[in-house]
Amino acid sequence: MAAGPAPPPHRGEGPAPLLIACALGIERFALRGGDFGAAAGPVTVLRTGMGPQAAERAVTRALAESGGHAAGTAVIATGFCAGLAPGMHPGDLVVADETRDGAGATPCTGTAVLADALTRPARAGPGRAVHTGPLVGSGHVVRGAERARLHATGAIAVDMESAATLRTAVAAGAGPVAAVRVIVDAPEHELVRIGTLRGGISAFRVLRTVLPAFFAWHRSSLLPGGELDGHAAPSDHPGRDVSLRPEGGQAS
């Protein structure tokens, strides 16, 4: 069953929080190296651990510990992924319009805002592109024929945690939700090949650049009407002047 629509935008007291969930320590390290000065509210960079079950546990706990503010928390699942479409390259970005797994599909909010915000920094490097479409979840690393079968369903990329992260967030009343992933391997650049190291370095460098786009998306959700889809925030929108430092968590 598909998840319901995202909750209305934050209207509570104080700045709206943003939870950025990733699985790996190297992903969290890349994100924490970014500039948090443009954030519109408190930001938590949560390391969930690998796999859908770990993501469910960590996100459930993080939202439960938010002091009853889960409904005001925007959630982005991010990190690395495997591309499914021919022609994708390590370092390309994937913006999900929905995430899918065996439990159903979760619509993402503000896909156009994120894709637009990510396109600008993406042009700074050669061979880097932004792809938009369904992101499918898997409980294991996907290779070869299985990659082709998933692509035949319409999915453009696969990872292990995004679908579980967003489904869990929506079930807890959080929202809006989104997923942005950086391709670390693709049909012509699988992890088992020699180019893996170079692809990983490229993906790491790109992941370090995504925070401004995440903050633009978050600010857009706070604008009057809270209409993210197709309504990008003005480039000079100041958001809220908040002093913060990234926080972290980890599933046990």
# chains A, B, ... in the order shown; residues from 1 in each chain; ligands from 1

call {"tool": "residues_around", "arguments": {"residues": "segment 154-168 of chain A", "least_positions_apart": "6", "cutoff": "7 Å", "atoms": "only C-alpha atoms", "output": "JSON, numbers by chain"}}
result
{"A": [51, 52, 55, 56, 59, 60, 77, 81, 82, 83, 84, 85, 99, 100, 101, 106, 133, 134, 135, 136, 137, 138, 139, 140, 177, 179]}

call {"tool": "select_by_dssp", "arguments": {"residues": "segment 8-88 of chain A", "states": "strand (DSSP E)", "output": "PyMOL selection string"}}
result
chain A and resi 18-22+43-47+74-83

call {"tool": "write_last_selection", "arguments": {"atoms": "all heavy atoms", "output": "tab-separated table (two decimals), in the first residue's frame"}}
result
chain	number	residue	atom	x	y	z
A	18	LEU	N	15.29	19.33	10.70
A	18	LEU	CA	15.59	18.54	9.51
A	18	LEU	C	16.43	17.34	9.94
A	18	LEU	O	17.47	17.50	10.57
A	18	LEU	CB	16.35	19.38	8.49
A	18	LEU	CG	16.89	18.64	7.25
A	18	LEU	CD1	15.76	18.04	6.42
A	18	LEU	CD2	17.75	19.58	6.40
A	19	LEU	N	15.97	16.14	9.58
A	19	LEU	CA	16.70	14.91	9.85
A	19	LEU	C	17.26	14.38	8.54
A	19	LEU	O	16.51	14.09	7.60
A	19	LEU	CB	15.76	13.86	10.48
A	19	LEU	CG	16.35	12.47	10.73
A	19	LEU	CD1	17.47	12.53	11.76
A	19	LEU	CD2	15.27	11.49	11.17
A	20	ILE	N	18.56	14.26	8.45
A	20	ILE	CA	19.24	13.72	7.28
A	20	ILE	C	19.79	12.35	7.66
A	20	ILE	O	20.66	12.25	8.53
A	20	ILE	CB	20.39	14.64	6.82
A	20	ILE	CG1	19.85	16.05	6.51
A	20	ILE	CG2	21.08	14.06	5.59
A	20	ILE	CD1	20.94	17.07	6.21
A	21	ALA	N	19.25	11.30	7.04
A	21	ALA	CA	19.60	9.93	7.41
A	21	ALA	C	20.49	9.29	6.36
A	21	ALA	O	20.20	9.34	5.15
A	21	ALA	CB	18.34	9.10	7.60
A	22	CYS	N	21.58	8.69	6.81
A	22	CYS	CA	22.46	7.94	5.93
A	22	CYS	C	22.88	6.66	6.66
A	22	CYS	O	22.71	6.55	7.87
A	22	CYS	CB	23.68	8.77	5.53
A	22	CYS	SG	24.69	9.32	6.93
A	43	VAL	N	19.50	20.72	12.62
A	43	VAL	CA	19.81	19.63	11.70
A	43	VAL	C	20.45	18.48	12.46
A	43	VAL	O	21.39	18.68	13.23
A	43	VAL	CB	20.77	20.09	10.58
A	43	VAL	CG1	21.09	18.92	9.65
A	43	VAL	CG2	20.18	21.25	9.80
A	44	THR	N	19.93	17.27	12.24
A	44	THR	CA	20.55	16.06	12.75
A	44	THR	C	21.00	15.21	11.58
A	44	THR	O	20.22	14.92	10.67
A	44	THR	CB	19.57	15.25	13.61
A	44	THR	OG1	19.17	16.02	14.74
A	44	THR	CG2	20.21	13.95	14.10
A	45	VAL	N	22.28	14.84	11.56
A	45	VAL	CA	22.80	13.89	10.57
A	45	VAL	C	22.86	12.55	11.28
A	45	VAL	O	23.69	12.33	12.16
A	45	VAL	CB	24.17	14.32	10.04
A	45	VAL	CG1	24.69	13.28	9.05
A	45	VAL	CG2	24.08	15.69	9.37
A	46	LEU	N	21.96	11.65	10.92
A	46	LEU	CA	21.79	10.38	11.60
A	46	LEU	C	22.41	9.24	10.81
A	46	LEU	O	22.03	9.00	9.66
A	46	LEU	CB	20.29	10.10	11.80
A	46	LEU	CG	19.90	8.75	12.40
A	46	LEU	CD1	20.29	8.68	13.87
A	46	LEU	CD2	18.41	8.49	12.22
A	47	ARG	N	23.35	8.54	11.41
A	47	ARG	CA	23.86	7.32	10.81
A	47	ARG	C	22.99	6.17	11.29
A	47	ARG	O	22.95	5.85	12.48
A	47	ARG	CB	25.31	7.08	11.22
A	47	ARG	CG	25.87	5.78	10.63
A	47	ARG	CD	27.26	5.50	11.14
A	47	ARG	NE	27.68	4.15	10.76
A	47	ARG	CZ	28.77	3.56	11.20
A	47	ARG	NH1	29.58	4.18	12.05
A	47	ARG	NH2	29.08	2.34	10.81
A	74	ALA	N	11.24	17.42	8.89
A	74	ALA	CA	11.46	17.03	7.50
A	74	ALA	C	12.57	15.98	7.47
A	74	ALA	O	13.53	16.06	8.24
A	74	ALA	CB	11.87	18.25	6.67
A	75	VAL	N	12.42	15.00	6.59
A	75	VAL	CA	13.37	13.86	6.56
A	75	VAL	C	13.89	13.66	5.14
A	75	VAL	O	13.10	13.58	4.18
A	75	VAL	CB	12.69	12.57	7.05
A	75	VAL	CG1	13.67	11.39	6.97
A	75	VAL	CG2	12.18	12.73	8.49
A	76	ILE	N	15.21	13.58	5.03
A	76	ILE	CA	15.85	13.26	3.75
A	76	ILE	C	16.72	12.02	3.95
A	76	ILE	O	17.56	11.98	4.86
A	76	ILE	CB	16.73	14.41	3.23
A	76	ILE	CG1	15.87	15.63	2.88
A	76	ILE	CG2	17.52	13.96	2.01
A	76	ILE	CD1	16.67	16.78	2.31
A	77	ALA	N	16.52	11.01	3.11
A	77	ALA	CA	17.40	9.84	3.07
A	77	ALA	C	18.47	10.11	2.02
A	77	ALA	O	18.16	10.52	0.89
A	77	ALA	CB	16.61	8.59	2.70
A	78	THR	N	19.73	9.89	2.37
A	78	THR	CA	20.79	10.18	1.42
A	78	THR	C	21.95	9.22	1.61
A	78	THR	O	21.93	8.34	2.47
A	78	THR	CB	21.25	11.64	1.56
A	78	THR	OG1	22.04	12.01	0.43
A	78	THR	CG2	22.04	11.87	2.84
A	79	GLY	N	22.98	9.38	0.78
A	79	GLY	CA	24.13	8.50	0.79
A	79	GLY	C	24.40	7.99	-0.61
A	79	GLY	O	24.04	8.63	-1.60
A	80	PHE	N	25.00	6.81	-0.70
A	80	PHE	CA	25.37	6.24	-1.99
A	80	PHE	C	24.29	5.27	-2.48
A	80	PHE	O	23.47	4.78	-1.69
A	80	PHE	CB	26.70	5.51	-1.88
A	80	PHE	CG	27.82	6.38	-1.37
A	80	PHE	CD1	28.69	5.91	-0.40
A	80	PHE	CD2	28.01	7.66	-1.86
A	80	PHE	CE1	29.73	6.70	0.07
A	80	PHE	CE2	29.04	8.47	-1.41
A	80	PHE	CZ	29.89	7.99	-0.44
A	81	CYS	N	24.31	4.99	-3.77
A	81	CYS	CA	23.36	4.04	-4.36
A	81	CYS	C	23.98	3.41	-5.59
A	81	CYS	O	25.06	3.81	-6.04
A	81	CYS	CB	22.03	4.73	-4.71
A	81	CYS	SG	22.13	5.84	-6.14
A	82	ALA	N	23.27	2.44	-6.15
A	82	ALA	CA	23.65	1.82	-7.42
A	82	ALA	C	22.69	2.30	-8.50
A	82	ALA	O	21.48	2.24	-8.33
A	82	ALA	CB	23.61	0.30	-7.32
A	83	GLY	N	23.24	2.80	-9.59
A	83	GLY	CA	22.41	3.19	-10.72
A	83	GLY	C	21.94	1.97	-11.49
A	83	GLY	O	22.64	0.95	-11.56

call {"tool": "closest_residue", "arguments": {"among": "A:Arg57, A:Arg120, A:His131, A:His89", "to": "Val180 of chain A", "atoms": "only C-alpha atoms"}}
result
A:His131

call {"tool": "residues_around", "arguments": {"residues": "Leu114 of chain A", "least_positions_apart": "3", "cutoff": "10 Å", "atoms": "only C-alpha atoms", "output": "mmCIF file with C-alpha atoms, in the first residue's frame"}}
result
data_model
loop_
_atom_site.group_PDB
_atom_site.id
_atom_site.type_symbol
_atom_site.label_atom_id
_atom_site.label_comp_id
_atom_site.auth_asym_id
_atom_site.auth_seq_id
_atom_site.Cartn_x
_atom_site.Cartn_y
_atom_site.Cartn_z
ATOM 1 C CA VAL A 95 16.481 12.509 -6.829
ATOM 2 C CA ALA A 96 13.655 10.094 -6.036
ATOM 3 C CA THR A 109 7.850 15.790 -1.846
ATOM 4 C CA GLY A 110 9.627 18.643 -3.598
ATOM 5 C CA THR A 111 11.405 16.571 -6.231
ATOM 6 C CA ALA A 117 18.923 23.069 -6.540
ATOM 7 C CA LEU A 118 21.242 20.126 -7.233
ATOM 8 C CA THR A 119 21.660 20.908 -10.922
ATOM 9 C CA VAL A 130 20.906 14.645 -11.966
ATOM 10 C CA THR A 132 14.841 11.852 -11.341
ATOM 11 C CA ALA A 178 12.687 13.088 0.183
ATOM 12 C CA ALA A 179 15.555 10.895 -0.992
ATOM 13 C CA VAL A 180 18.725 12.019 -2.764
ATOM 14 C CA VAL A 210 24.510 18.400 -1.410
ATOM 15 C CA PRO A 212 22.846 23.616 0.225
ATOM 16 C CA ALA A 213 20.215 21.865 -1.906
ATOM 17 C CA PHE A 214 18.806 20.085 1.151
ATOM 18 C CA PHE A 215 18.526 23.388 3.002
ATOM 19 C CA ALA A 216 16.858 25.091 0.006
ATOM 20 C CA TRP A 217 14.313 22.241 -0.062
ATOM 21 C CA HIS A 218 13.735 22.576 3.675
ATOM 22 C CA SER A 220 10.774 25.851 0.612
ATOM 23 C CA LEU A 228 7.193 22.283 -2.526
ATOM 24 C CA ASP A 229 6.369 20.537 -5.782
ATOM 25 C CA GLY A 230 7.074 22.863 -8.664
ATOM 26 C CA ALA A 232 11.229 26.403 -5.746
#
